[in-house]
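I have placed the structure first, in the form of structure tokens, so that the comments after it can refer back to it.
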Amino acid sequence: MNCEQVKTELPDFLAGSLNPPAQARVQDHLDACPDCSELAGLWDKLGAIPDELPSPRLRANFHEMLARETAAPKRAPAWIWQAVAAAVIAVMGFAAGRSIPREQSTELRDIRDMLALSLLQQQSASDRLKGISYTYQANKDDAQIRDALLEALNTDSSVDVRLAAVDALRRMSAQQGISDSLERPQSPLVQIALIDAVVELNETKSVAVLQKLQAASDVDELVKQRARQALGQLRSKGTL
Amino acid sequence: MNAVRGGDERKLALLFERHHAKVYRYFLRMTGNRQWSEDLVQEVFYRMLKYRETYRPEHGFTTWMYRIARNAHIDQMRKRKWEVAMEEDWDGPARAAQSLDDQQELEFVRLALLRLPPEKRELLVLSRYQGLKYEQIAELLECEPGTVKVRVFRAMQALREVFFELTGRKAS
Amino acid sequence: MSRIFALLCLAASLQGETITAAFSDPSRPGILKLRQSNGSITVRGYSGKDVLIEANPNNKHGKSITRTQEDGNRLTITLDPNSSATIQVPFQTALQLQSSNGSIRVEKVQGEIDVQSSNGSIDVRGAASAVVAHSTNGSINVAFDKVDARRPMSFSSMNGKIDVIFPADLKANLKVQHQRGSLHCDFDLNTNAPGPEIQFKSYNGGVNIRRAQQK
């Protein structure tokens, strides 16, 4: 192989996408040719230049921009939420909501929805739990809240947050989401909570998933027992 | 990305988490300036939000994102008349424990990259760092993959020239 | 313009050697993240500003490679998969710890503690903020010096016993979901009182919620 030929092969060689014989041919040439191997050496050095990450300001600015661009006219910008939260909590407490006069309740519910969604994105697991607790105040048919809860159920790193998401989803007409989640690998405690929810919601579509679960080899024994039991319960409810 | 089209702005936050570091590095390697790079990343995600209707799933997300990034870069460079940050502005990355000669050499390679004409620099940045395949780069630059490979080779030769100019010696 | 960049450090230590890692901004509480496969983790609060890591390979004579990555006050530690570690952190640090096969012990850390274990016990003493703890097959034992009145908590376990001691003046909404095993609680349950919800979820182990003895 001469330098002319290597010229066309070198980019692929450097990208590691040549098959072994071709790779060996280029390597041979490089071993013998200081000119071409100098180029390969430069390529290596390019890769050795240290990486950098941006400052934390970048993320903060991004979120400000996102909140600004996606806010509906009556919604407050992101930084106001903390103050609103403090005021709301001071006046109402956590489990409240029942004693609010009707006219005020819609606006407060919107603020709580925003808070819930924001809290679900926080680093702190306790904050995410708080976000989930706020969703109980939301409208049962709110798709955005339901999707946020499903995302927490399927992707949150904390088992406790996922368990709380199952609880919250029971009131949210999320049968499909709950059933889909059972098809994915999950922590056994969450699987049992999902099975409980499926039984409570009397969900027909989950029968197939439950049958698969109770026969699967990589599923916890206690979960399989619960799945078997659930199939019996659904049957007796007249679902099967 | 289809979800962002559907108006689910929260998905953009997830995309940001996944991709912003990569995009930042692209700009940093192209401009050599951290502040400009952060501004440019902001601009890219802003445009992704504003122009989400232009996203076509069949063309691939990465290509779309880099197209927006290149355009943002071109727009900014037009304003700045294609300056590259002066060497004095660049603070330099954190030093890993390496021998002084190695360090100096890498520094010169980095400077040589910044001194390349933008089109050549971009080819090297996209192929070496951003993990793009030649087919993807070809789609981005609207040419043939074969052409990309030839140009990458020529860009490496140019890099060598500039490196020699800077150091007076051959790369080892 | 201040220079803030991610600091990636790789250090190899012999048994007993300590590695130091720093937060970008020691004046603000930092977050420590650690996931370990086969080894126990002990984290203790202390009065310094840095994080001190003593990694011990499970085979007594080897070296243990510890990788730390810090970005914006979030410190991620990656240990050798087969090693244990004792880590000292500033008191206000928040912790996110996960272990597959090893116990987790936390003492005198006053920041939020988010801890999960598959096959090991979880032991937390001197907690002062929120604790979120999950164990699949191990027990959970937590003692609070004080409780942050605004923050929800959750304790869950598949096959392990959950035992938590709260300060005597605790005002919170305690909720328990459990299937088998005993339940004992010194406080009133399911009161819907104002305050954060503290959830206990247990399948096969018992739940024991105790009031701290008055000093």
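Naming scheme: A, B, ... for chains in displayed order of the structure tokens; residues 1 onward per chain; ligands 1 onward as shown.
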_I'd like the neighbourhood of range 40-54 of chain C as number ranges by chain, where a residue qualifies if any of its atoms comes within 8 Å (using only C-alpha atoms), though same-chain residues fewer than 3 positions away should be ignored._
C: 15-23, 26, 36, 83-92, 99, 101-110
Selection file, N, CA and C atoms, as a JSON list (two decimals), in the first residue's frame:
```json
[["chain", "number", "residue", "atom", "x", "y", "z"],
["C", 15, "GLN", "N", -4.84, 0.34, 50.82],
["C", 15, "GLN", "CA", -5.70, 0.31, 51.99],
["C", 15, "GLN", "C", -5.26, 1.34, 53.01],
["C", 16, "GLY", "N", -6.20, 2.08, 53.56],
["C", 16, "GLY", "CA", -5.86, 3.03, 54.60],
["C", 16, "GLY", "C", -5.50, 4.41, 54.09],
["C", 17, "GLU", "N", -5.25, 4.56, 52.79],
["C", 17, "GLU", "CA", -4.92, 5.89, 52.27],
["C", 17, "GLU", "C", -6.20, 6.68, 52.06],
["C", 18, "THR", "N", -6.09, 8.00, 52.24],
["C", 18, "THR", "CA", -7.27, 8.84, 52.08],
["C", 18, "THR", "C", -7.14, 9.73, 50.86],
["C", 19, "ILE", "N", -8.20, 9.81, 50.07],
["C", 19, "ILE", "CA", -8.25, 10.70, 48.92],
["C", 19, "ILE", "C", -9.14, 11.88, 49.28],
["C", 20, "THR", "N", -8.73, 13.07, 48.84],
["C", 20, "THR", "CA", -9.54, 14.24, 49.14],
["C", 20, "THR", "C", -10.20, 14.76, 47.88],
["C", 21, "ALA", "N", -11.48, 15.09, 47.96],
["C", 21, "ALA", "CA", -12.18, 15.71, 46.84],
["C", 21, "ALA", "C", -12.86, 16.97, 47.36],
["C", 22, "ALA", "N", -12.92, 18.00, 46.52],
["C", 22, "ALA", "CA", -13.49, 19.26, 46.99],
["C", 22, "ALA", "C", -14.73, 19.63, 46.20],
["C", 23, "PHE", "N", -15.63, 20.34, 46.85],
["C", 23, "PHE", "CA", -16.78, 20.91, 46.17],
["C", 23, "PHE", "C", -16.36, 22.24, 45.54],
["C", 26, "PRO", "N", -17.54, 25.56, 48.54],
["C", 26, "PRO", "CA", -17.70, 24.97, 49.87],
["C", 26, "PRO", "C", -18.63, 25.75, 50.78],
["C", 36, "GLN", "N", -22.52, 1.64, 44.50],
["C", 36, "GLN", "CA", -21.50, 0.62, 44.68],
["C", 36, "GLN", "C", -22.08, -0.76, 44.42],
["C", 83, "SER", "N", -14.89, -3.03, 46.50],
["C", 83, "SER", "CA", -14.22, -2.40, 47.63],
["C", 83, "SER", "C", -15.24, -1.72, 48.51],
["C", 84, "SER", "N", -14.84, -1.52, 49.75],
["C", 84, "SER", "CA", -15.68, -0.79, 50.69],
["C", 84, "SER", "C", -15.08, 0.59, 50.88],
["C", 85, "ALA", "N", -15.85, 1.48, 51.44],
["C", 85, "ALA", "CA", -15.30, 2.82, 51.62],
["C", 85, "ALA", "C", -15.86, 3.47, 52.87],
["C", 86, "THR", "N", -15.00, 4.29, 53.50],
["C", 86, "THR", "CA", -15.45, 5.16, 54.57],
["C", 86, "THR", "C", -15.23, 6.59, 54.09],
["C", 87, "ILE", "N", -16.29, 7.37, 54.11],
["C", 87, "ILE", "CA", -16.23, 8.70, 53.52],
["C", 87, "ILE", "C", -16.65, 9.72, 54.55],
["C", 88, "GLN", "N", -15.86, 10.80, 54.67],
["C", 88, "GLN", "CA", -16.27, 11.87, 55.57],
["C", 88, "GLN", "C", -16.72, 13.06, 54.74],
["C", 89, "VAL", "N", -17.86, 13.63, 55.12],
["C", 89, "VAL", "CA", -18.41, 14.75, 54.37],
["C", 89, "VAL", "C", -18.76, 15.89, 55.30],
["C", 90, "PRO", "N", -18.78, 17.12, 54.78],
["C", 90, "PRO", "CA", -19.28, 18.23, 55.60],
["C", 90, "PRO", "C", -20.69, 17.92, 56.08],
["C", 91, "PHE", "N", -21.06, 18.39, 57.28],
["C", 91, "PHE", "CA", -22.32, 18.01, 57.92],
["C", 91, "PHE", "C", -23.54, 18.22, 57.03],
["C", 92, "GLN", "N", -23.56, 19.36, 56.26],
["C", 92, "GLN", "CA", -24.78, 19.70, 55.53],
["C", 92, "GLN", "C", -24.89, 19.04, 54.16],
["C", 99, "SER", "N", -26.45, 0.81, 46.81],
["C", 99, "SER", "CA", -25.56, -0.33, 46.93],
["C", 99, "SER", "C", -26.27, -1.59, 46.49],
["C", 101, "ASN", "N", -24.73, -4.98, 46.74],
["C", 101, "ASN", "CA", -24.44, -6.03, 47.72],
["C", 101, "ASN", "C", -23.54, -5.48, 48.79],
["C", 102, "GLY", "N", -24.09, -4.73, 49.67],
["C", 102, "GLY", "CA", -23.26, -4.20, 50.74],
["C", 102, "GLY", "C", -24.13, -3.33, 51.61],
["C", 103, "SER", "N", -23.72, -3.19, 52.84],
["C", 103, "SER", "CA", -24.53, -2.38, 53.75],
["C", 103, "SER", "C", -24.17, -0.91, 53.59],
["C", 104, "ILE", "N", -25.08, -0.06, 54.01],
["C", 104, "ILE", "CA", -24.85, 1.38, 53.96],
["C", 104, "ILE", "C", -25.05, 1.93, 55.36],
["C", 105, "ARG", "N", -24.08, 2.69, 55.81],
["C", 105, "ARG", "CA", -24.18, 3.28, 57.14],
["C", 105, "ARG", "C", -23.93, 4.78, 57.05],
["C", 106, "VAL", "N", -24.79, 5.56, 57.67],
["C", 106, "VAL", "CA", -24.63, 7.02, 57.63],
["C", 106, "VAL", "C", -24.69, 7.53, 59.06],
["C", 107, "GLU", "N", -23.73, 8.38, 59.43],
["C", 107, "GLU", "CA", -23.75, 8.93, 60.79],
["C", 107, "GLU", "C", -23.59, 10.43, 60.74],
["C", 108, "LYS", "N", -24.40, 11.12, 61.48],
["C", 108, "LYS", "CA", -24.26, 12.56, 61.70],
["C", 108, "LYS", "C", -24.21, 13.37, 60.41],
["C", 109, "VAL", "N", -24.92, 12.96, 59.39],
["C", 109, "VAL", "CA", -25.02, 13.79, 58.20],
["C", 109, "VAL", "C", -26.37, 14.49, 58.24],
["C", 110, "GLN", "N", -26.37, 15.83, 58.15],
["C", 110, "GLN", "CA", -27.59, 16.58, 58.39],
["C", 110, "GLN", "C", -28.32, 17.00, 57.11]]
```
*Distance-based interface of chain C with chain A, 9 Å, counting only C-alpha atoms, as a PyMOL selection string*: chain C and resi 3-7+71-72+94+96+112-116+130-134+136+151-158+192-197+199+201-203
*Distance criterion (only C-alpha atoms): nearest to chain B out of A:Ala148, A:Val26, A:Leu201, A:Ala116*: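 Closest candidate: A:Ala148.
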*Find the spatial neighbours of range 163-166 of chain B, counting only C-alpha atoms, within a cut-off of 12 Å - ignore same-chain residues fewer than 3 positions away - and output them as a count of residues only.*
27
For Val147 in chain C, please output as an mmCIF file with N, CA and C atoms, in the first residue's frame all residues within 7 Å (counting only C-alpha atoms; exclusion window: fewer than 2 positions along the same chain).
```cif
data_model
loop_
_atom_site.group_PDB
_atom_site.id
_atom_site.type_symbol
_atom_site.label_atom_id
_atom_site.label_comp_id
_atom_site.auth_asym_id
_atom_site.auth_seq_id
_atom_site.Cartn_x
_atom_site.Cartn_y
_atom_site.Cartn_z
ATOM 1 N N ALA C 128 -31.112 14.667 60.346
ATOM 2 C CA ALA C 128 -31.729 15.931 60.749
ATOM 3 C C ALA C 128 -32.594 16.530 59.656
ATOM 4 N N SER C 129 -32.647 15.879 58.506
ATOM 5 C CA SER C 129 -33.434 16.415 57.402
ATOM 6 C C SER C 129 -34.257 15.248 56.865
ATOM 7 N N PHE C 144 -33.548 9.719 64.039
ATOM 8 C CA PHE C 144 -33.512 11.158 63.776
ATOM 9 C C PHE C 144 -33.169 11.935 65.039
ATOM 10 N N ALA C 149 -39.659 19.983 59.252
ATOM 11 C CA ALA C 149 -41.114 19.948 59.219
ATOM 12 C C ALA C 149 -41.706 20.092 57.824
#
```
*Could you name the residues that touch Asn71 in chain B at 12 Å or less, counting only C-alpha atoms, but leaving out those on the same chain fewer than 6 positions away, as a list in words?*
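In the requested format, the answer is Phe27, Leu40, Val41, Glu43, Val44, Arg47, Met48, Trp64, Met65, Met77, Arg78, Leu140 and Leu141 of chain B.
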The selected residues should be written to file as a PDB file, in the first residue's frame (atoms: N, CA and C atoms).
```pdb
ATOM      1  N   PHE B  27     -18.966  23.955  20.180  1.00  0.00           N
ATOM      2  CA  PHE B  27     -18.748  25.396  20.048  1.00  0.00           C
ATOM      3  C   PHE B  27     -17.409  25.814  20.634  1.00  0.00           C
ATOM      4  N   LEU B  40     -23.971  30.417  22.660  1.00  0.00           N
ATOM      5  CA  LEU B  40     -24.387  29.673  21.476  1.00  0.00           C
ATOM      6  C   LEU B  40     -25.242  28.461  21.849  1.00  0.00           C
ATOM      7  N   VAL B  41     -24.883  27.785  22.930  1.00  0.00           N
ATOM      8  CA  VAL B  41     -25.697  26.637  23.359  1.00  0.00           C
ATOM      9  C   VAL B  41     -27.113  27.104  23.664  1.00  0.00           C
ATOM     10  N   GLU B  43     -28.602  29.626  22.425  1.00  0.00           N
ATOM     11  CA  GLU B  43     -29.246  29.976  21.164  1.00  0.00           C
ATOM     12  C   GLU B  43     -29.764  28.714  20.464  1.00  0.00           C
ATOM     13  N   VAL B  44     -28.950  27.661  20.512  1.00  0.00           N
ATOM     14  CA  VAL B  44     -29.354  26.415  19.850  1.00  0.00           C
ATOM     15  C   VAL B  44     -30.651  25.875  20.458  1.00  0.00           C
ATOM     16  N   ARG B  47     -33.592  27.969  19.586  1.00  0.00           N
ATOM     17  CA  ARG B  47     -34.069  27.730  18.228  1.00  0.00           C
ATOM     18  C   ARG B  47     -34.741  26.371  18.097  1.00  0.00           C
ATOM     19  N   MET B  48     -34.262  25.394  18.862  1.00  0.00           N
ATOM     20  CA  MET B  48     -34.920  24.083  18.814  1.00  0.00           C
ATOM     21  C   MET B  48     -36.361  24.213  19.284  1.00  0.00           C
ATOM     22  N   TRP B  64     -30.324  17.234  12.682  1.00  0.00           N
ATOM     23  CA  TRP B  64     -31.118  18.442  12.851  1.00  0.00           C
ATOM     24  C   TRP B  64     -30.475  19.362  13.866  1.00  0.00           C
ATOM     25  N   MET B  65     -30.057  18.789  14.976  1.00  0.00           N
ATOM     26  CA  MET B  65     -29.465  19.592  16.042  1.00  0.00           C
ATOM     27  C   MET B  65     -28.187  20.261  15.565  1.00  0.00           C
ATOM     28  N   MET B  77     -20.754  34.307  13.987  1.00  0.00           N
ATOM     29  CA  MET B  77     -19.458  34.630  13.390  1.00  0.00           C
ATOM     30  C   MET B  77     -19.592  35.785  12.406  1.00  0.00           C
ATOM     31  N   ARG B  78     -20.726  35.828  11.703  1.00  0.00           N
ATOM     32  CA  ARG B  78     -20.949  36.969  10.802  1.00  0.00           C
ATOM     33  C   ARG B  78     -20.885  38.253  11.593  1.00  0.00           C
ATOM     34  N   LEU B 140     -25.141  16.574   6.723  1.00  0.00           N
ATOM     35  CA  LEU B 140     -25.113  17.902   7.317  1.00  0.00           C
ATOM     36  C   LEU B 140     -24.529  18.928   6.358  1.00  0.00           C
ATOM     37  N   LEU B 141     -23.435  18.547   5.712  1.00  0.00           N
ATOM     38  CA  LEU B 141     -22.750  19.496   4.830  1.00  0.00           C
ATOM     39  C   LEU B 141     -23.271  19.436   3.404  1.00  0.00           C
TER      40      LEU B 141
END
```
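Between CA of Ala155 in chain B and CA of Ala21 in chain B the separation is 24.9 Å.
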